[in-house]
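Engineer: TSV, C-alpha atoms, saved as query_24.tsv, coming up:
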chain	number	residue	atom	x	y	z
A	1	MET	CA	128.76	86.23	63.32
A	2	LYS	CA	127.53	86.28	66.91
A	3	TYR	CA	125.26	89.23	67.74
A	4	ASN	CA	125.04	90.85	71.18
A	5	PHE	CA	121.37	91.68	71.64
A	6	ASP	CA	121.96	92.68	75.27
A	7	GLU	CA	123.84	95.75	74.03
A	8	ILE	CA	121.92	98.92	74.83
A	9	ILE	CA	122.11	101.36	71.92
A	10	ASN	CA	121.05	104.90	72.80
A	11	ARG	CA	118.31	105.86	70.33
A	12	ARG	CA	117.52	109.26	71.83
A	13	GLY	CA	118.36	112.10	69.49
A	14	THR	CA	117.91	109.95	66.38
A	15	HIS	CA	114.35	111.08	65.52
A	16	SER	CA	113.00	107.79	66.88
A	17	LEU	CA	109.23	107.69	67.33
A	18	LYS	CA	109.71	105.53	70.43
A	19	TRP	CA	112.49	107.49	72.10
A	20	ASP	CA	112.06	111.06	70.80
A	21	GLY	CA	108.32	111.21	70.15
A	22	GLY	CA	107.08	112.28	73.56
A	23	LYS	CA	105.35	115.48	72.42
A	24	PHE	CA	103.63	113.68	69.56
A	25	LEU	CA	102.61	110.72	71.73
A	26	LYS	CA	101.07	112.97	74.39
A	27	GLU	CA	99.19	114.96	71.77
A	28	MET	CA	97.83	111.70	70.34
A	29	GLY	CA	96.58	110.65	73.78
A	30	PHE	CA	98.93	107.66	74.13
A	31	THR	CA	100.25	108.81	77.48
A	32	GLU	CA	100.17	111.69	79.92
A	33	ARG	CA	103.79	111.28	80.98
A	34	TYR	CA	106.85	111.11	78.79
A	35	ASP	CA	110.31	112.23	79.91
A	36	GLU	CA	113.96	111.22	79.80
A	37	ASP	CA	113.24	108.33	82.18
A	38	THR	CA	110.35	106.82	80.16
A	39	LEU	CA	110.80	103.26	78.91
A	40	PRO	CA	108.80	103.08	75.64
A	41	LEU	CA	107.81	99.54	74.72
A	42	PHE	CA	104.69	100.32	72.75
A	43	THR	CA	105.54	100.13	69.08
A	44	ALA	CA	106.67	97.32	66.84
A	45	ASP	CA	110.22	98.21	66.05
A	46	MET	CA	113.30	96.77	67.73
A	47	ASP	CA	115.94	98.39	69.92
A	48	LEU	CA	118.34	95.74	68.61
A	49	PRO	CA	121.15	96.01	66.03
A	50	VAL	CA	120.35	94.90	62.49
A	51	PRO	CA	122.30	92.24	60.54
A	52	GLN	CA	125.85	93.18	59.61
A	53	PRO	CA	125.30	92.38	55.91
A	54	LEU	CA	122.53	94.99	55.93
A	55	ILE	CA	124.84	97.60	57.44
A	56	ASP	CA	127.51	96.77	54.88
A	57	ALA	CA	125.02	97.06	52.01
A	58	LEU	CA	123.79	100.45	53.20
A	59	HIS	CA	127.35	101.72	53.59
A	60	LYS	CA	128.04	100.66	50.01
A	61	THR	CA	124.94	102.56	48.87
A	62	VAL	CA	126.05	105.67	50.75
A	63	ASP	CA	129.56	105.44	49.35
A	64	HIS	CA	128.13	105.61	45.84
A	65	LYS	CA	127.21	109.25	46.66
A	66	ILE	CA	124.16	109.45	44.35
A	67	PHE	CA	120.64	108.57	45.53
A	68	GLY	CA	118.41	108.97	42.51
A	69	TYR	CA	115.21	107.30	41.35
A	70	SER	CA	115.60	103.54	41.57
A	71	ILE	CA	113.80	100.51	40.22
A	72	PHE	CA	113.65	96.96	41.53
A	73	PRO	CA	116.42	94.99	39.82
A	74	ASP	CA	116.06	91.29	39.10
A	75	ALA	CA	118.18	90.68	42.21
A	76	ASP	CA	115.36	92.03	44.39
A	77	PHE	CA	112.73	89.76	42.89
A	78	GLU	CA	115.10	86.82	43.08
A	79	ALA	CA	115.86	87.54	46.75
A	80	ILE	CA	112.14	87.60	47.60
A	81	GLN	CA	111.52	84.38	45.70
A	82	HIS	CA	114.53	82.68	47.27
A	83	TRP	CA	113.49	83.66	50.81
A	84	PHE	CA	109.92	82.44	50.59
A	85	THR	CA	110.88	79.25	48.83
A	86	LYS	CA	113.55	78.40	51.38
A	87	ARG	CA	111.84	79.59	54.56
A	88	HIS	CA	108.19	78.83	53.80
A	89	ASP	CA	108.21	76.44	50.83
A	90	TRP	CA	106.13	78.99	48.92
A	91	ALA	CA	106.87	79.49	45.23
A	92	ILE	CA	106.14	83.05	44.06
A	93	LYS	CA	106.25	84.24	40.46
A	94	LYS	CA	108.11	87.44	39.68
A	95	GLU	CA	105.08	89.08	38.05
A	96	GLU	CA	103.00	88.50	41.21
A	97	ILE	CA	105.20	90.82	43.32
A	98	VAL	CA	104.04	94.42	43.77
A	99	PHE	CA	106.02	96.97	45.81
A	100	SER	CA	104.31	99.27	48.31
A	101	PRO	CA	105.96	101.83	50.62
A	102	GLY	CA	104.24	100.29	53.65
A	103	THR	CA	101.71	97.76	54.84
A	104	VAL	CA	99.14	100.24	56.18
A	105	HIS	CA	99.48	102.12	52.90
A	106	ALA	CA	98.89	98.86	51.04
A	107	LEU	CA	95.78	98.10	53.10
A	108	ASN	CA	94.42	101.59	52.36
A	109	MET	CA	95.00	101.06	48.65
A	110	ALA	CA	93.39	97.61	48.74
A	111	VAL	CA	90.28	98.97	50.45
A	112	ARG	CA	89.98	101.71	47.82
A	113	ALA	CA	90.76	99.42	44.90
A	114	PHE	CA	88.49	96.51	45.72
A	115	THR	CA	85.53	97.90	47.68
A	116	GLU	CA	83.06	100.76	47.54
A	117	PRO	CA	81.95	103.26	50.23
A	118	GLY	CA	79.47	101.57	52.55
A	119	ASP	CA	80.77	98.05	51.91
A	120	GLY	CA	81.46	95.80	54.87
A	121	ILE	CA	85.02	94.67	55.61
A	122	MET	CA	85.56	91.90	58.14
A	123	ILE	CA	88.33	91.93	60.76
A	124	GLN	CA	88.98	89.86	63.87
A	125	ARG	CA	89.24	91.92	67.02
A	126	PRO	CA	91.17	92.43	69.18
A	127	VAL	CA	93.36	93.47	66.27
A	128	TYR	CA	95.99	95.97	65.17
A	129	PRO	CA	94.25	99.41	65.32
A	130	PRO	CA	95.03	100.53	61.73
A	131	PHE	CA	92.80	97.71	60.47
A	132	THR	CA	89.88	99.71	61.83
A	133	SER	CA	91.17	103.07	60.62
A	134	VAL	CA	91.73	101.95	57.02
A	135	ILE	CA	88.12	100.75	56.92
A	136	GLU	CA	86.38	103.64	58.65
A	137	GLY	CA	88.73	106.25	57.20
A	138	ASN	CA	87.70	105.19	53.72
A	139	GLY	CA	83.97	105.23	54.44
A	140	ARG	CA	83.55	101.47	54.72
A	141	GLN	CA	81.87	99.51	57.53
A	142	VAL	CA	83.66	97.35	60.09
A	143	VAL	CA	82.32	93.81	60.35
A	144	ASN	CA	83.78	92.25	63.49
A	145	ASN	CA	84.31	88.50	63.68
A	146	ALA	CA	85.66	88.66	67.22
A	147	LEU	CA	88.15	85.98	68.22
A	148	LYS	CA	87.11	83.62	71.01
A	149	CYS	CA	89.33	83.46	74.10
A	150	ASP	CA	89.21	80.53	76.51
A	151	GLU	CA	90.07	80.45	80.22
A	152	GLU	CA	93.73	79.76	79.41
A	153	GLY	CA	93.99	82.84	77.18
A	154	TYR	CA	94.05	80.85	73.94
A	155	TYR	CA	92.39	82.56	70.98
A	156	SER	CA	90.49	80.80	68.21
A	157	ILE	CA	88.25	81.73	65.29
A	158	ASP	CA	84.47	81.69	65.62
A	159	PHE	CA	83.90	80.03	62.25
A	160	GLU	CA	80.12	79.92	62.60
A	161	ASP	CA	80.03	83.69	63.02
A	162	PHE	CA	82.66	84.15	60.29
A	163	GLU	CA	80.64	82.23	57.73
A	164	LEU	CA	77.41	83.99	58.69
A	165	LYS	CA	79.03	87.40	58.16
A	166	ALA	CA	80.79	86.33	54.98
A	167	LYS	CA	77.41	85.36	53.52
A	168	ASP	CA	76.08	88.87	54.03
A	169	GLU	CA	76.04	90.47	50.58
A	170	LYS	CA	77.40	93.70	52.08
A	171	THR	CA	80.63	91.98	53.16
A	172	LYS	CA	83.15	92.37	50.35
A	173	MET	CA	86.52	91.91	52.01
A	174	PHE	CA	88.23	90.16	54.91
A	175	ILE	CA	91.54	91.43	56.33
A	176	LEU	CA	93.42	88.60	57.99
A	177	CYS	CA	96.26	89.15	60.44
A	178	ASN	CA	98.48	86.07	60.70
A	179	PRO	CA	100.50	85.79	62.86
A	180	HIS	CA	97.84	87.69	64.75
A	181	ASN	CA	98.64	91.04	66.34
A	182	PRO	CA	98.19	91.32	69.35
A	183	THR	CA	97.19	87.79	70.43
A	184	GLY	CA	100.14	86.05	68.78
A	185	ARG	CA	98.14	83.18	67.27
A	186	VAL	CA	99.72	81.42	64.28
A	187	LEU	CA	96.92	79.78	62.34
A	188	GLN	CA	97.16	76.14	61.35
A	189	ARG	CA	96.74	74.82	57.82
A	190	GLU	CA	93.12	73.68	58.31
A	191	GLU	CA	92.11	77.03	59.81
A	192	LEU	CA	93.67	78.86	56.87
A	193	ARG	CA	92.08	76.58	54.31
A	194	ARG	CA	88.66	76.98	55.91
A	195	LEU	CA	88.93	80.78	55.95
A	196	SER	CA	89.95	80.77	52.30
A	197	GLU	CA	87.13	78.44	51.27
A	198	ILE	CA	84.47	80.50	53.02
A	199	CYS	CA	85.75	83.71	51.44
A	200	GLU	CA	85.98	82.18	47.96
A	201	LYS	CA	82.49	80.65	48.21
A	202	ASN	CA	80.99	84.02	49.18
A	203	ASN	CA	83.01	86.26	46.84
A	204	VAL	CA	84.83	87.91	49.71
A	205	LEU	CA	88.32	89.14	48.81
A	206	LEU	CA	90.90	88.01	51.35
A	207	ILE	CA	93.73	90.43	52.21
A	208	ALA	CA	96.36	88.71	54.35
A	209	ASP	CA	98.74	90.74	56.51
A	210	GLU	CA	101.58	88.26	57.07
A	211	ILE	CA	104.38	90.68	57.92
A	212	HIS	CA	105.16	88.90	61.22
A	213	GLY	CA	105.40	85.54	59.45
A	214	ASP	CA	109.14	85.14	60.00
A	215	LEU	CA	108.83	85.85	63.72
A	216	VAL	CA	107.42	82.64	65.15
A	217	ARG	CA	108.57	80.55	68.10
A	218	ARG	CA	111.09	77.77	67.66
A	219	ASN	CA	108.36	75.10	67.94
A	220	GLN	CA	106.00	76.76	65.46
A	221	THR	CA	105.66	76.71	61.68
A	222	PHE	CA	104.19	79.61	59.75
A	223	ILE	CA	102.17	78.76	56.62
A	224	PRO	CA	101.23	81.51	54.13
A	225	ILE	CA	97.51	81.34	53.48
A	226	ALA	CA	98.07	81.48	49.71
A	227	LYS	CA	100.05	78.27	50.07
A	228	ALA	CA	97.47	76.58	52.32
A	229	ALA	CA	94.52	77.48	50.11
A	230	ASP	CA	93.32	75.24	47.29
A	231	ASN	CA	92.86	78.35	45.15
A	232	ASN	CA	94.53	81.73	45.68
A	233	ASP	CA	92.95	83.91	42.99
A	234	HIS	CA	90.95	85.71	45.70
A	235	ILE	CA	93.95	86.25	48.01
A	236	VAL	CA	96.27	89.26	48.28
A	237	THR	CA	99.20	88.83	50.67
A	238	CYS	CA	101.27	91.54	52.33
A	239	THR	CA	104.86	90.57	53.11
A	240	ALA	CA	107.65	92.80	54.39
A	241	ILE	CA	111.23	92.97	55.61
A	242	ASN	CA	110.24	95.68	58.08
A	243	LYS	CA	109.32	93.60	61.12
A	244	THR	CA	111.64	90.66	60.45
A	245	PHE	CA	114.80	92.73	60.13
A	246	ASN	CA	113.97	95.95	62.04
A	247	VAL	CA	113.89	98.28	59.04
A	248	ALA	CA	110.46	99.91	59.44
A	249	GLY	CA	112.03	103.25	58.53
A	250	LEU	CA	113.00	101.96	55.08
A	251	HIS	CA	109.36	101.43	54.03
A	252	CYS	CA	109.32	98.16	52.16
A	253	THR	CA	106.20	96.02	51.78
A	254	ASN	CA	105.79	93.57	48.93
A	255	LEU	CA	102.34	92.35	47.99
A	256	ILE	CA	101.83	89.00	46.34
A	257	ILE	CA	98.81	89.28	44.03
A	258	HIS	CA	98.18	86.11	42.03
A	259	ASN	CA	95.15	87.27	40.07
A	260	SER	CA	96.31	89.46	37.17
A	261	GLU	CA	93.10	91.53	37.09
A	262	LEU	CA	93.33	92.26	40.81
A	263	ARG	CA	97.00	93.11	40.39
A	264	LYS	CA	96.26	95.53	37.56
A	265	ARG	CA	93.48	97.20	39.54
A	266	PHE	CA	95.64	97.57	42.66
A	267	ILE	CA	98.50	99.17	40.73
A	268	GLU	CA	96.10	101.58	39.03
A	269	VAL	CA	94.70	102.78	42.36
A	270	MET	CA	98.02	102.88	44.21
A	271	GLY	CA	99.68	104.93	41.51
A	272	PHE	CA	103.36	105.25	40.72
A	273	HIS	CA	105.78	104.37	43.54
A	274	LEU	CA	109.51	103.70	43.53
A	275	ALA	CA	111.61	102.22	46.29
A	276	SER	CA	114.61	104.17	47.56
A	277	PRO	CA	118.08	102.84	46.71
A	278	PHE	CA	118.50	102.09	50.42
A	279	THR	CA	115.36	99.96	50.47
A	280	ILE	CA	116.55	97.99	47.45
A	281	SER	CA	120.00	97.38	48.94
A	282	ALA	CA	118.46	96.39	52.27
A	283	LEU	CA	116.05	93.87	50.81
A	284	ILE	CA	118.73	92.07	48.78
A	285	ALA	CA	121.08	91.97	51.77
A	286	VAL	CA	118.65	90.67	54.39
A	287	TYR	CA	116.90	88.08	52.23
A	288	ASN	CA	120.20	86.73	50.92
A	289	GLU	CA	122.39	87.05	54.02
A	290	GLY	CA	120.16	87.71	57.03
A	291	GLU	CA	119.08	84.20	57.99
A	292	ASP	CA	121.75	83.58	60.61
A	293	TRP	CA	120.90	86.87	62.32
A	294	LEU	CA	117.19	85.98	62.29
A	295	GLU	CA	117.78	82.64	63.97
A	296	GLN	CA	119.81	84.34	66.72
A	297	LEU	CA	117.11	86.99	67.10
A	298	LYS	CA	114.35	84.39	67.45
A	299	GLU	CA	116.30	82.56	70.12
A	300	TYR	CA	116.83	85.83	72.01
A	301	ILE	CA	113.16	86.84	71.78
A	302	ASP	CA	112.05	83.39	72.91
A	303	GLY	CA	114.36	83.70	75.91
A	304	THR	CA	112.97	87.11	76.78
A	305	MET	CA	109.41	85.82	76.60
A	306	GLU	CA	110.28	82.91	78.88
A	307	TRP	CA	111.81	85.36	81.36
A	308	ILE	CA	108.67	87.55	81.28
A	309	VAL	CA	106.31	84.63	81.91
A	310	ASN	CA	108.43	83.45	84.86
A	311	PHE	CA	108.73	86.96	86.28
A	312	LEU	CA	104.98	87.56	86.12
A	313	ALA	CA	104.23	84.19	87.72
A	314	GLU	CA	106.44	85.13	90.65
A	315	ARG	CA	105.95	88.87	91.03
A	316	MET	CA	102.62	89.70	89.33
A	317	PRO	CA	100.68	86.41	89.38
A	318	LYS	CA	97.35	88.11	88.71
A	319	VAL	CA	98.49	89.05	85.20
A	320	LYS	CA	97.45	86.37	82.72
A	321	VAL	CA	99.79	85.99	79.76
A	322	LYS	CA	100.83	83.28	77.33
A	323	ILE	CA	103.94	83.00	75.23
A	324	PRO	CA	102.54	83.82	71.78
A	325	GLU	CA	102.97	81.41	68.89
A	326	GLY	CA	104.24	84.28	66.75
A	327	THR	CA	105.15	88.00	66.68
A	328	TYR	CA	107.29	89.80	69.25
A	329	VAL	CA	104.35	91.26	71.16
A	330	MET	CA	102.79	89.94	74.36
A	331	TRP	CA	99.16	90.41	75.32
A	332	MET	CA	98.74	90.82	79.07
A	333	ASP	CA	95.39	90.50	80.86
A	334	PHE	CA	95.16	92.67	84.01
A	335	SER	CA	91.47	91.98	84.74
A	336	ALA	CA	92.16	89.85	87.85
A	337	TYR	CA	93.33	92.97	89.70
A	338	GLY	CA	89.78	94.27	89.75
A	339	LEU	CA	90.98	97.70	88.67
A	340	SER	CA	89.50	99.89	85.96
A	341	PRO	CA	91.45	100.12	82.71
A	342	GLU	CA	92.15	103.73	83.62
A	343	GLU	CA	93.74	102.74	86.94
A	344	VAL	CA	95.87	100.07	85.28
A	345	HIS	CA	96.96	102.67	82.74
A	346	ASP	CA	97.85	105.18	85.46
A	347	ARG	CA	99.98	102.70	87.40
A	348	ILE	CA	101.94	101.62	84.32
A	349	TYR	CA	102.23	104.78	82.23
A	350	ASN	CA	102.36	107.51	84.87
A	351	LYS	CA	103.72	105.88	88.02
A	352	ALA	CA	106.00	103.18	86.59
A	353	ASN	CA	106.80	105.44	83.61
A	354	VAL	CA	106.60	102.52	81.18
A	355	LEU	CA	104.84	103.17	77.89
A	356	LEU	CA	102.81	100.24	76.50
A	357	GLU	CA	99.59	100.19	74.45
A	358	ASP	CA	96.17	100.15	76.09
A	359	GLY	CA	94.20	97.10	75.00
A	360	LYS	CA	91.11	99.18	74.23
A	361	MET	CA	92.90	100.47	71.14
A	362	PHE	CA	92.51	96.98	69.66
A	363	GLY	CA	88.75	96.87	70.22
A	364	GLU	CA	86.47	96.44	73.22
A	365	GLU	CA	87.69	92.84	73.48
A	366	GLY	CA	91.01	94.23	74.72
A	367	LEU	CA	89.60	96.51	77.42
A	368	ASN	CA	91.48	94.95	80.36
A	369	TYR	CA	94.65	94.18	78.42
A	370	GLN	CA	98.00	95.81	77.72
A	371	ARG	CA	100.18	95.09	74.70
A	372	ILE	CA	103.95	95.16	75.08
A	373	CYS	CA	106.54	94.93	72.30
A	374	ILE	CA	109.52	93.08	73.70
A	375	PRO	CA	112.35	93.16	71.10
A	376	SER	CA	114.61	95.34	73.25
A	377	PRO	CA	117.78	94.47	75.16
A	378	ARG	CA	116.81	92.25	78.07
A	379	PRO	CA	118.13	94.71	80.69
A	380	ILE	CA	115.54	97.26	79.47
A	381	ILE	CA	112.77	94.67	79.60
A	382	LYS	CA	113.76	93.62	83.13
A	383	GLU	CA	113.81	97.23	84.33
A	384	ALA	CA	110.36	97.85	82.85
A	385	PHE	CA	108.83	94.84	84.59
A	386	GLU	CA	110.52	95.66	87.89
A	387	ARG	CA	108.94	99.12	87.74
A	388	MET	CA	105.50	97.69	86.96
A	389	ALA	CA	105.75	95.06	89.69
A	390	ARG	CA	106.37	97.75	92.30
A	391	GLU	CA	103.13	99.47	91.32
A	392	PHE	CA	101.00	96.32	91.51
A	393	ASN	CA	102.27	94.88	94.81
Translate the structure described by the file into structure tokens.
Structural biologist:
Amino acid sequence: MKYNFDEIINRRGTHSLKWDGGKFLKEMGFTERYDEDTLPLFTADMDLPVPQPLIDALHKTVDHKIFGYSIFPDADFEAIQHWFTKRHDWAIKKEEIVFSPGTVHALNMAVRAFTEPGDGIMIQRPVYPPFTSVIEGNGRQVVNNALKCDEEGYYSIDFEDFELKAKDEKTKMFILCNPHNPTGRVLQREELRRLSEICEKNNVLLIADEIHGDLVRRNQTFIPIAKAADNNDHIVTCTAINKTFNVAGLHCTNLIIHNSELRKRFIEVMGFHLASPFTISALIAVYNEGEDWLEQLKEYIDGTMEWIVNFLAERMPKVKVKIPEGTYVMWMDFSAYGLSPEEVHDRIYNKANVLLEDGKMFGEEGLNYQRICIPSPRPIIKEAFERMAREFN
């Protein structure tokens, strides 16, 4: 089936956080302006239609007319195993799979299960803001192994600093984001192996957020860290259908926990959770029948990113941006304009009426940056950049 990702589907009036959440977003300090003309491109869900097999599966679930407590059938586990074996050459055992109603929820539970108040937890800023909140909100200490950025905007790991901080007896956990949000780096096998070895050597538990792992460029290969590592007993991996197939509202994260003692401890702390019948139907459908849609989506996103880079080079050449190796976010550096972050914000959010995410939310390393989520119909993306260009020329 050929999908039309240029189709604009009106999401207003559907309880969408992006398109109906103006009051909430202003109260949270995201933006001062939000009205019927706002173009919201700030959060990681898509304005694109989901795979037809998913729609068919959900219709079948609705037609059953009863939506009671549900358990994962064997078909769910088999779909997960099939997907990761076929797409990533990663063999997962059924007993290693643990359901969670969300990735941020899973990170919160991991912090509570495996660390104590006051412990240090390492992250790599600039990074997805909830990484900080799950640490500080649970009374733990942020240990920042900031990524290094070269003149070309390429990010890499400061391994010397990483190892120094891993050796600190207060550091008990490292939360990895790969593909990295917001920089878009997809780590190579040797980088992953080195991170794993340092953590294992220093008794640092490694929690890997890999929920963007299916969303890499056509010339990139994503490698799960548990597959790259020589030993994975100290690794907990978060996977999800949410980002890959645009079903964030169905709340479906699956953790892969190889170590049986860690798995038992996590389940004890998380407590009893069941997936909805819609989540179960969705997972089976997308992992068994969603591959063709995903390949079309990746081609479309790659094309949009190429358009953005060309547009900025021509119309806003002071903005530094690279096509990311993975994710569907782009990390734009506005520092060459010589404006304060507040002035950049005002021109984009208030004057252009385009809602992005201020880079400072990702740590001080992102102070002069803006993050944009680009999986929307290309006409919306083009309109947003035309508006911004007018305010910076």
Engineer: Of the candidates A:Gly102, A:Arg12, A:Phe77, A:Ile71, which one gets nearest to Gly249 in chain A if we count only C-alpha atoms?
Structural biologist: A:Gly102
Engineer: Expressed in Å to a single decimal, how great is the separation between CA of Asn310 in chain A and CA of Asp214 in chain A?
Structural biologist: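 Here the two named atoms are 24.9 Å from each other.
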Engineer: Tell me which of A:Ala166, A:Met332, A:Ile80, A:Ile55 sits closest to Asn202 in chain A, counting all atoms listed in the file.
Structural biologist: A:Ala166
Engineer: Where does range 66-182 of chain A meet range 251-266 of chain A within 8 Å, residue by residue, with the nearest atom pair and distance in Å to one decimal for each, counting only C-alpha atoms, listed by chain and rising number, as JSON lines?
Structural biologist:
{"residue": "A:Ile92", "atom": "CA", "partner": "A:Ile256", "partner_atom": "CA", "distance": 7.7}
{"residue": "A:Glu96", "atom": "CA", "partner": "A:Ile257", "partner_atom": "CA", "distance": 5.1}
{"residue": "A:Ile97", "atom": "CA", "partner": "A:Ile256", "partner_atom": "CA", "distance": 4.9}
{"residue": "A:Val98", "atom": "CA", "partner": "A:Leu255", "partner_atom": "CA", "distance": 5.0}
{"residue": "A:Phe99", "atom": "CA", "partner": "A:Asn254", "partner_atom": "CA", "distance": 4.6}
{"residue": "A:Ser100", "atom": "CA", "partner": "A:Thr253", "partner_atom": "CA", "distance": 5.1}
{"residue": "A:Pro101", "atom": "CA", "partner": "A:His251", "partner_atom": "CA", "distance": 4.8}
{"residue": "A:Gly102", "atom": "CA", "partner": "A:Thr253", "partner_atom": "CA", "distance": 5.1}
{"residue": "A:Thr103", "atom": "CA", "partner": "A:Thr253", "partner_atom": "CA", "distance": 5.7}
{"residue": "A:Ala106", "atom": "CA", "partner": "A:Thr253", "partner_atom": "CA", "distance": 7.9}
{"residue": "A:Met109", "atom": "CA", "partner": "A:Phe266", "partner_atom": "CA", "distance": 7.0}
{"residue": "A:Ala110", "atom": "CA", "partner": "A:Phe266", "partner_atom": "CA", "distance": 6.5}
{"residue": "A:Ala113", "atom": "CA", "partner": "A:Phe266", "partner_atom": "CA", "distance": 5.7}
{"residue": "A:Phe114", "atom": "CA", "partner": "A:Phe266", "partner_atom": "CA", "distance": 7.8}
Engineer: Between A:Val354, A:Phe392, A:Met330, A:Asp302, which has the minimum distance to Lys318 in chain A (counting all atoms listed in the file)?
Structural biologist: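 Using all atoms listed in the file, Lys318 in chain A sits closest to A:Phe392.
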Engineer: Could you give me range 220-239 of chain A completed to N, CA and C atoms, formatted as a compact mmCIF listing (two decimals), in the frame of the given file?
Structural biologist:
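Result saved to part.txt:
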# COMPACT_ATOMS: atom_id res chain seq x y z
N GLN A 220 107.14 76.43 66.31
CA GLN A 220 106.00 76.76 65.46
C GLN A 220 106.42 76.81 63.99
N THR A 221 105.45 76.58 63.11
CA THR A 221 105.66 76.71 61.68
C THR A 221 104.62 77.67 61.11
N PHE A 222 105.09 78.66 60.39
CA PHE A 222 104.19 79.61 59.75
C PHE A 222 103.89 79.14 58.33
N ILE A 223 102.60 79.16 57.95
CA ILE A 223 102.17 78.76 56.62
C ILE A 223 101.45 79.94 55.96
N PRO A 224 101.96 80.46 54.85
CA PRO A 224 101.23 81.51 54.13
C PRO A 224 99.87 80.99 53.68
N ILE A 225 98.85 81.81 53.82
CA ILE A 225 97.51 81.34 53.48
C ILE A 225 97.40 81.04 51.99
N ALA A 226 98.13 81.75 51.15
CA ALA A 226 98.07 81.48 49.71
C ALA A 226 98.64 80.11 49.38
N LYS A 227 99.51 79.61 50.25
CA LYS A 227 100.05 78.27 50.07
C LYS A 227 99.09 77.21 50.61
N ALA A 228 98.40 77.53 51.70
CA ALA A 228 97.47 76.58 52.32
C ALA A 228 96.19 76.43 51.52
N ALA A 229 95.80 77.48 50.82
CA ALA A 229 94.52 77.48 50.11
C ALA A 229 94.56 76.61 48.86
N ASP A 230 93.43 76.02 48.52
CA ASP A 230 93.32 75.24 47.29
C ASP A 230 93.35 76.14 46.06
N ASN A 231 92.85 77.36 46.23
CA ASN A 231 92.86 78.35 45.15
C ASN A 231 93.25 79.69 45.77
N ASN A 232 94.10 80.46 45.09
CA ASN A 232 94.53 81.73 45.68
C ASN A 232 94.21 82.94 44.80
N ASP A 233 93.32 82.79 43.86
CA ASP A 233 92.95 83.91 42.99
C ASP A 233 92.26 85.03 43.76
N HIS A 234 91.67 84.72 44.90
CA HIS A 234 90.95 85.71 45.70
C HIS A 234 91.77 86.20 46.88
N ILE A 235 93.09 85.92 46.87
CA ILE A 235 93.95 86.25 48.01
C ILE A 235 95.02 87.26 47.59
N VAL A 236 95.18 88.30 48.41
CA VAL A 236 96.27 89.26 48.28
C VAL A 236 97.06 89.21 49.58
N THR A 237 98.37 89.00 49.48
CA THR A 237 99.20 88.83 50.67
C THR A 237 100.18 89.97 50.81
N CYS A 238 100.27 90.52 52.02
CA CYS A 238 101.27 91.54 52.33
C CYS A 238 102.45 90.88 53.04
N THR A 239 103.63 91.02 52.48
CA THR A 239 104.86 90.57 53.11
C THR A 239 105.77 91.78 53.30
